[in-house]
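Asks: Next up is a structure, given as structure tokens.
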Amino acid sequence: MDERTDAEVITDSLAEPARFGVLYERHARVLHGYAYRRLGRDVADDVIAETFMKAFRARHKYDPRHSDARPWFFAIAIREIARHHRAEQARYRVLLRSAQDLGEDDLTDRVVEAASARTLRRPLVEALTRLSRRERDVLLMVAWADLTYEEVGRALAIPLGTVRSRLHRARQKIRKYLPDDIAVELT
């Protein structure tokens with residue numbers, strides 16, 4: 001296990017490029033999970049490949065005062081996801097039409113989760129489509145990527161107050177479009 005910080009790995013990779021692979025091992029899974037939820041598997045694979053390729057090329061610009069590079073990777077991934085905005089919107093439309101839980105292979109899991117998933121999916125997806133891209137980015141980075149407000153601000157290059165206000169607006173809109181019993185569970 002490599003115990004160097006992300007910043008140290010990036011700095012080391014300037015002299016020895018192969019060391020950058022450590023960062024892929026550390027962060028690719030969570031980045032892929034986030035992109036997968038937003039865009040689906042095929043596009044997520046492309047987004048993560050592009051994210052790491054662009055990060056590798058820009059590693060000389062990384063600010064080593066930030067030991068954790070996760071927000072930096074999310075910043076790059078968010079820009080790549082924005083390039084695939086149509087794919088994200090199409091995915092939401094598919095989810096709205098779908099009566100099945102996409103991506104699940106195990107029938108037992110699908111049966112157990114079917115009642116709550118069907119009840120929640122449609123209104124939640126509809127609510128997500130009503131958010132602006134900026135609100136959706138902040139909300140999903142907090143909810144799916146488990147980034148702190150400060151990390152979201154770093155990733156999106158916006159002040160902490162802007163993160164909080166976008167998140168507040170997103171939550172308000174989500175509550176507005178979800179049935180009351182579901183909205184209460186999400187707050």
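In the structure tokens, chains take the letters A, B, ... in the order shown, each chain's residues start at 1, and ligands count up from 1 in the order shown.
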List as a list in words the protein and nucleic acid residues near His27 of chain A, meaning an atom at most 9 Å away when only C-alpha atoms are counted, but skip any in the same chain fewer than 3 places from it.
Replies: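 So, after excluding close chain neighbours, the residues are Val22, Leu23, Tyr24, Val30, Leu31, His32, Ala69, Arg70 and Phe73 of chain A.
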Asks: In Å, how far is it from atom CA of Phe74 of chain A to atom CA of Arg122 of chain A?
Replies: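 It comes out at 26.8 Å.
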Asks: Excluding segment 159-163 of chain A and residues on its chain fewer than 3 positions from it, collect all residues at most 8 Å away from it, counting only C-alpha atoms, and give them as a list in words.
Replies: Val138, Tyr149, Glu150, Val152, Gly153, Arg166 and Leu167 of chain A
Asks: Find the distance between atom CA of Leu131 of chain A and atom CA of Ala170 of chain A and write it in Å to one decimal.
Replies: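 If I compute the distance from atom CA of Leu131 of chain A to atom CA of Ala170 of chain A, I get 6.4 Å.
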Asks: So how far away is atom CA of Ala28 of chain A from atom CA of Arg59 of chain A, in Å?
Replies: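 Taking atom CA of Arg59 of chain A as the start and atom CA of Ala28 of chain A as the end point, the length is 16.0 Å.
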Asks: Could you pull the residues within 12 Å of Tyr62 of chain A, counting only C-alpha atoms, minus those fewer than 2 positions along the same chain, as a ChimeraX atom specification?
Replies: /A:6-11,13-14,54-60,64-73,76
Asks: Using only C-alpha atoms, which residues sit within 9 Å of Leu140 of chain A once same-chain residues fewer than 6 positions away are excluded, as a PyMOL selection string?
Replies: chain A and resi 34+38+146
Asks: Which is closest to Asp46 of chain A among A:Glu135, A:Asp2, A:Glu80, A:Glu151, if we use only C-alpha atoms?
Replies: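 Smallest separation from Asp46 of chain A among the options: A:Glu80.
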